Amino acid sequence: MDSLSALACAANSTMTTTMKALRKMQPARGLSFETAKVPAIGPTDVLVRVRTASICGTDLHIYGWDRWSQGRIKPPVTLGHEFCGVVERAGDEVTAVRAGDFVSAEMHVNCGHCRQCRIGEAHVCQNLKIIGIDQDGAFAEYVKIPGSNIIKLDPSIPEHYGAILDPLGNAVHTVLAGPIAGMTVLVTGCGPIGLMSIAVAKACGSSTVFATETNEQRRAMAKKMGADVVINPAAEDSVARIMSETDGTGVDVLLEMSGSPTAIQQGFKALRAGGRASLLGIPTESVPLDLVNDVIFKGATVQGIYGRRMYRTWVQMTALLKAGRLNLDPLFGERASLERFEGAFAMLQGGLAGKILLYPDGVK
């Protein structure tokens with residue numbers, strides 16, 4: 001046995017077998033900070049020591065144990081699907097990364113065999129599983145990831161940006177699902193992904209970006225992210241304002257991020273004839289639409305957006321970050337150790353923060 005192999009064996013033999021993790025233990029509201037086993041990896045897996053994780057809106061739904069969560073989540077499970085970290089150990093068949101590499105990961109795991117996977121649409125795989133939802137995720141000291149899903153990150157990408165590549169990928173996928181350069185854009189809903197979409201649209205050459213949002217703090221953040229016109233639809237007629245600002249034409253592109261039936265309806269009213277509507281927001285109720293006048297007679301292109309294109313979106317967003325084209329710093333506020341998750345979840349549920357980072361080893 002050579003010296004490197006001996007060192008690796010020694011490191012593996014002394015590695016702890018337990019870790020701290022934030023888990024959904026019961027089919028009820030809330031989460032628990034628990035001791036769990038460090039995941040065992042197979043020959044094609046990678047074990048990552050988590051540096052930083054970020055709370056997603058999906059995590060809030062699971063915390064609150066809403067109707068969607070009750071039908072999808074099977075406790076016990078460790079949450080967390082937005083993260084970055086360092087490779088602790090790689091399986092024998094993994095060659096793309098090695099111990100010590102700075103990484104994130106695509107947390108949607110596709111089967112590789114269904115029709116969608118075979119024709120390059122793995123992001124809508126028929127048998128898709130999500131790490132942090134369907135199996136143990138990254139709100140822990142360690143997380144197990146298939147080697148094929150690992151994304152090695154350039155050291156120039158800041159750690160706090162590395163922790164939000166999953167939702168940034170949603171924004172990049174939505175914005176770049178069609179032409180954007182020189183286009184007028186409406187972003188409906190300025191949660192974290194809506195805010196990222198503003199920055200991505202501007203970085204990719206859009207002209208005027210409109211944003212609609214009822215939350216005052218998020219409207220202020222939309223301005224910081226580069227929105228040209230920010231509208232409170234609860235205080236003024238957003239459609240009339242947008243039509244006035246576009247000489248009665250409407251916007252070229254609608255990026256729907258809110259899931260609000262009212263915002264969706266307003267977005268389609270403000271979309272120009274021949275425009276593109278890319279829909280990422282998830283409504284919790286049926287959305288009545290005037291299909292005749294707002295879609296068919298307009299000749300509108302309507303796209304459902306899900307996840308990130310695997311792996312084209314990752315190439316696009318990491319290239320934008322490496323080039324320094326995206327300033328996402330206005331998104332970040334509070335940081336907390338993983339065990340102090342309750343306060344972080346409360347702030348997000350109250351709409352009082354953008355992205356909150358959690359640190360398994362304590363706040364850096």
# chains A, B, ... in the order shown; residues from 1 in each chain; ligands from 1

call {"tool": "select_by_dssp", "arguments": {"residues": "region 53-270 of chain A", "states": "alpha helix (DSSP H)", "output": "JSON, numbers by chain"}}
result
{"A": [57, 58, 59, 60, 61, 62, 63, 64, 67, 68, 69, 70, 71, 72, 115, 116, 117, 118, 159, 160, 161, 162, 165, 166, 167, 168, 169, 170, 171, 172, 173, 174, 175, 192, 193, 194, 195, 196, 197, 198, 199, 200, 201, 202, 203, 216, 217, 218, 219, 220, 221, 222, 223, 224, 225, 238, 239, 240, 241, 242, 243, 244, 245, 261, 262, 263, 264, 265, 266, 267, 268, 269, 270]}

call {"tool": "closest_atom_pairs", "arguments": {"of": "region 115-172 of chain A", "to": "region 80-95 of chain A", "cutoff": "7 Å", "atoms": "only C-alpha atoms", "output": "CSV"}}
result
residue,atom,partner,partner_atom,distance
A:Ile131,CA,A:His81,CA,6.2
A:Gly132,CA,A:Gly80,CA,4.7
A:Gly137,CA,A:Gly80,CA,4.8
A:Ala138,CA,A:Gly80,CA,4.5
A:Phe139,CA,A:Gly80,CA,4.7
A:Gly147,CA,A:Val94,CA,6.0
A:Gly162,CA,A:Cys84,CA,5.4
A:Ala163,CA,A:Phe83,CA,4.0
A:Ile164,CA,A:Glu82,CA,5.6
A:Leu165,CA,A:Glu82,CA,7.0
A:Asp166,CA,A:Glu82,CA,5.7

call {"tool": "select_by_dssp", "arguments": {"residues": "region 19-198 of chain A", "states": "strand (DSSP E or B)", "output": "PyMOL selection string"}}
result
chain A and resi 19-24+32-37+45-54+77-78+83-90+102-105+108-109+129-131+135+140+142-146+150-152+185-188

call {"tool": "closest_residue", "arguments": {"among": "A:Ile305, A:Ala300, A:Val172, A:Ile55", "to": "Leu279 (chain A)", "atoms": "only C-alpha atoms"}}
result
A:Ile305

call {"tool": "residues_around", "arguments": {"residues": "Gln265 (chain A)", "least_positions_apart": "2", "cutoff": "12 Å", "atoms": "only C-alpha atoms", "output": "list in words"}}
result
Thr188, Pro233, Ser238, Val239, Leu254, Glu256, Ser258, Gly259, Ser260, Pro261, Thr262, Ala263, Gly267, Phe268, Lys269, Ala270, Leu271, Ala277, Leu279, Pro283, Ser286, Val287, Pro288, Leu289, Asp290, Leu291, Asn293, Asp294 and Val295 of chain A

call {"tool": "atom_distance", "arguments": {"atom1": "CA of Val103 (chain A)", "atom2": "CA of Leu358 (chain A)"}}
result
16.6 Å

call {"tool": "residues_around", "arguments": {"residues": "Gly112 (chain A)", "least_positions_apart": "5", "cutoff": "12 Å", "atoms": "only C-alpha atoms", "output": "PyMOL selection string"}}
result
chain A and resi 117-129+148+310

call {"tool": "closest_residue", "arguments": {"among": "A:Gly182, A:Leu176, A:Glu339, A:Arg241", "to": "Arg312 (chain A)", "atoms": "only C-alpha atoms"}}
result
A:Leu176

call {"tool": "closest_atom_pairs", "arguments": {"of": "region 132-219 of chain A", "to": "region 96-99 of chain A", "cutoff": "12 Å", "atoms": "only C-alpha atoms", "output": "Markdown table"}}
result
| residue | atom | partner | partner_atom | distance |
| --- | --- | --- | --- | --- |
| A:Pro146 | CA | A:Val97 | CA | 11.6 |
| A:Gly147 | CA | A:Ala96 | CA | 7.9 |
| A:Ser148 | CA | A:Ala96 | CA | 8.6 |
| A:Asn149 | CA | A:Ala96 | CA | 10.5 |
| A:Ile150 | CA | A:Val97 | CA | 8.1 |
| A:Ile151 | CA | A:Val97 | CA | 8.7 |
| A:Lys152 | CA | A:Val97 | CA | 7.0 |
| A:Leu153 | CA | A:Val97 | CA | 10.4 |

call {"tool": "write_last_selection", "arguments": {"atoms": "C-alpha atoms", "output": "mmCIF file, in the first residue's frame"}}
result
data_model
loop_
_atom_site.group_PDB
_atom_site.id
_atom_site.type_symbol
_atom_site.label_atom_id
_atom_site.label_comp_id
_atom_site.auth_asym_id
_atom_site.auth_seq_id
_atom_site.Cartn_x
_atom_site.Cartn_y
_atom_site.Cartn_z
ATOM 1 C CA PRO A 146 -24.610 10.508 -7.020
ATOM 2 C CA GLY A 147 -21.283 11.301 -8.650
ATOM 3 C CA SER A 148 -23.039 12.169 -11.915
ATOM 4 C CA ASN A 149 -24.949 14.954 -10.154
ATOM 5 C CA ILE A 150 -21.937 16.636 -8.566
ATOM 6 C CA ILE A 151 -20.936 20.039 -9.953
ATOM 7 C CA LYS A 152 -17.349 21.080 -9.342
ATOM 8 C CA LEU A 153 -17.276 24.824 -8.691
#

call {"tool": "residues_around", "arguments": {"residues": "Lys355 (chain A)", "least_positions_apart": "3", "cutoff": "10 Å", "atoms": "only C-alpha atoms", "output": "VMD selection string"}}
result
chain A and resid 54 to 57 160 163 to 164 191 to 193 329 to 335 344 348 352 358

call {"tool": "residues_around", "arguments": {"residues": "Ala199 (chain A)", "least_positions_apart": "6", "cutoff": "7 Å", "atoms": "only C-alpha atoms", "output": "PyMOL selection string"}}
result
chain A and resi 225-226+326

call {"tool": "residues_around", "arguments": {"residues": "Ala220 (chain A)", "least_positions_apart": "3", "cutoff": "12 Å", "atoms": "only C-alpha atoms", "output": "PDB file with N, CA and C atoms, in the first residue's frame"}}
result
ATOM      1  N   CYS A 190     -41.672  38.833  -6.439  1.00  0.00           N
ATOM      2  CA  CYS A 190     -40.263  39.101  -6.153  1.00  0.00           C
ATOM      3  C   CYS A 190     -39.791  38.369  -4.907  1.00  0.00           C
ATOM      4  N   GLY A 191     -40.125  37.073  -4.822  1.00  0.00           N
ATOM      5  CA  GLY A 191     -39.442  36.215  -3.878  1.00  0.00           C
ATOM      6  C   GLY A 191     -38.017  36.017  -4.368  1.00  0.00           C
ATOM      7  N   LEU A 195     -36.401  37.668  -7.735  1.00  0.00           N
ATOM      8  CA  LEU A 195     -35.324  38.656  -7.635  1.00  0.00           C
ATOM      9  C   LEU A 195     -34.107  38.229  -8.452  1.00  0.00           C
ATOM     10  N   ALA A 211     -41.316  44.870 -12.474  1.00  0.00           N
ATOM     11  CA  ALA A 211     -41.513  43.886 -11.408  1.00  0.00           C
ATOM     12  C   ALA A 211     -42.745  44.266 -10.619  1.00  0.00           C
ATOM     13  N   THR A 212     -43.593  43.273 -10.333  1.00  0.00           N
ATOM     14  CA  THR A 212     -44.765  43.511  -9.490  1.00  0.00           C
ATOM     15  C   THR A 212     -44.643  42.698  -8.218  1.00  0.00           C
ATOM     16  N   GLU A 213     -44.941  43.325  -7.083  1.00  0.00           N
ATOM     17  CA  GLU A 213     -44.793  42.678  -5.783  1.00  0.00           C
ATOM     18  C   GLU A 213     -45.554  43.490  -4.745  1.00  0.00           C
ATOM     19  N   THR A 214     -46.322  42.795  -3.880  1.00  0.00           N
ATOM     20  CA  THR A 214     -47.093  43.486  -2.848  1.00  0.00           C
ATOM     21  C   THR A 214     -46.297  43.749  -1.578  1.00  0.00           C
ATOM     22  N   ASN A 215     -45.218  42.982  -1.353  1.00  0.00           N
ATOM     23  CA  ASN A 215     -44.417  43.127  -0.137  1.00  0.00           C
ATOM     24  C   ASN A 215     -43.438  44.292  -0.300  1.00  0.00           C
ATOM     25  N   GLU A 216     -43.500  45.253   0.625  1.00  0.00           N
ATOM     26  CA  GLU A 216     -42.684  46.468   0.520  1.00  0.00           C
ATOM     27  C   GLU A 216     -41.183  46.164   0.533  1.00  0.00           C
ATOM     28  N   GLN A 217     -40.752  45.276   1.417  1.00  0.00           N
ATOM     29  CA  GLN A 217     -39.332  44.945   1.511  1.00  0.00           C
ATOM     30  C   GLN A 217     -38.835  44.298   0.226  1.00  0.00           C
ATOM     31  N   LYS A 223     -35.565  46.683  -6.696  1.00  0.00           N
ATOM     32  CA  LYS A 223     -34.819  47.840  -7.194  1.00  0.00           C
ATOM     33  C   LYS A 223     -33.319  47.582  -7.113  1.00  0.00           C
ATOM     34  N   LYS A 224     -32.881  47.028  -5.984  1.00  0.00           N
ATOM     35  CA  LYS A 224     -31.449  46.749  -5.803  1.00  0.00           C
ATOM     36  C   LYS A 224     -30.944  45.711  -6.794  1.00  0.00           C
ATOM     37  N   MET A 225     -31.823  44.806  -7.196  1.00  0.00           N
ATOM     38  CA  MET A 225     -31.427  43.754  -8.134  1.00  0.00           C
ATOM     39  C   MET A 225     -31.437  44.228  -9.581  1.00  0.00           C
ATOM     40  N   GLY A 226     -31.941  45.450  -9.821  1.00  0.00           N
ATOM     41  CA  GLY A 226     -31.855  46.010 -11.162  1.00  0.00           C
ATOM     42  C   GLY A 226     -33.162  46.258 -11.882  1.00  0.00           C
ATOM     43  N   ALA A 227     -34.310  46.032 -11.226  1.00  0.00           N
ATOM     44  CA  ALA A 227     -35.590  46.300 -11.882  1.00  0.00           C
ATOM     45  C   ALA A 227     -35.709  47.787 -12.188  1.00  0.00           C
ATOM     46  N   ASP A 228     -36.212  48.107 -13.385  1.00  0.00           N
ATOM     47  CA  ASP A 228     -36.348  49.505 -13.798  1.00  0.00           C
ATOM     48  C   ASP A 228     -37.636  50.132 -13.285  1.00  0.00           C
ATOM     49  N   VAL A 229     -38.714  49.355 -13.280  1.00  0.00           N
ATOM     50  CA  VAL A 229     -40.015  49.841 -12.821  1.00  0.00           C
ATOM     51  C   VAL A 229     -40.579  48.813 -11.854  1.00  0.00           C
ATOM     52  N   VAL A 230     -40.808  49.213 -10.608  1.00  0.00           N
ATOM     53  CA  VAL A 230     -41.326  48.309  -9.579  1.00  0.00           C
ATOM     54  C   VAL A 230     -42.713  48.796  -9.180  1.00  0.00           C
ATOM     55  N   ILE A 231     -43.675  47.896  -9.237  1.00  0.00           N
ATOM     56  CA  ILE A 231     -45.076  48.264  -9.060  1.00  0.00           C
ATOM     57  C   ILE A 231     -45.685  47.462  -7.920  1.00  0.00           C
ATOM     58  N   ASN A 232     -46.462  48.142  -7.088  1.00  0.00           N
ATOM     59  CA  ASN A 232     -47.270  47.473  -6.065  1.00  0.00           C
ATOM     60  C   ASN A 232     -48.668  47.260  -6.644  1.00  0.00           C
ATOM     61  N   PRO A 330     -27.602  41.517  -2.650  1.00  0.00           N
ATOM     62  CA  PRO A 330     -28.787  42.045  -1.962  1.00  0.00           C
ATOM     63  C   PRO A 330     -29.735  40.970  -1.430  1.00  0.00           C
ATOM     64  N   LEU A 331     -29.621  39.744  -1.951  1.00  0.00           N
ATOM     65  CA  LEU A 331     -30.501  38.656  -1.505  1.00  0.00           C
ATOM     66  C   LEU A 331     -30.206  38.209  -0.078  1.00  0.00           C
ATOM     67  N   ALA A 353     -37.138  38.228   4.969  1.00  0.00           N
ATOM     68  CA  ALA A 353     -35.772  37.971   4.523  1.00  0.00           C
ATOM     69  C   ALA A 353     -35.781  37.430   3.106  1.00  0.00           C
ATOM     70  N   GLY A 354     -34.615  37.503   2.430  1.00  0.00           N
ATOM     71  CA  GLY A 354     -34.460  36.917   1.112  1.00  0.00           C
ATOM     72  C   GLY A 354     -33.998  35.484   1.248  1.00  0.00           C
TER      73      GLY A 354
END
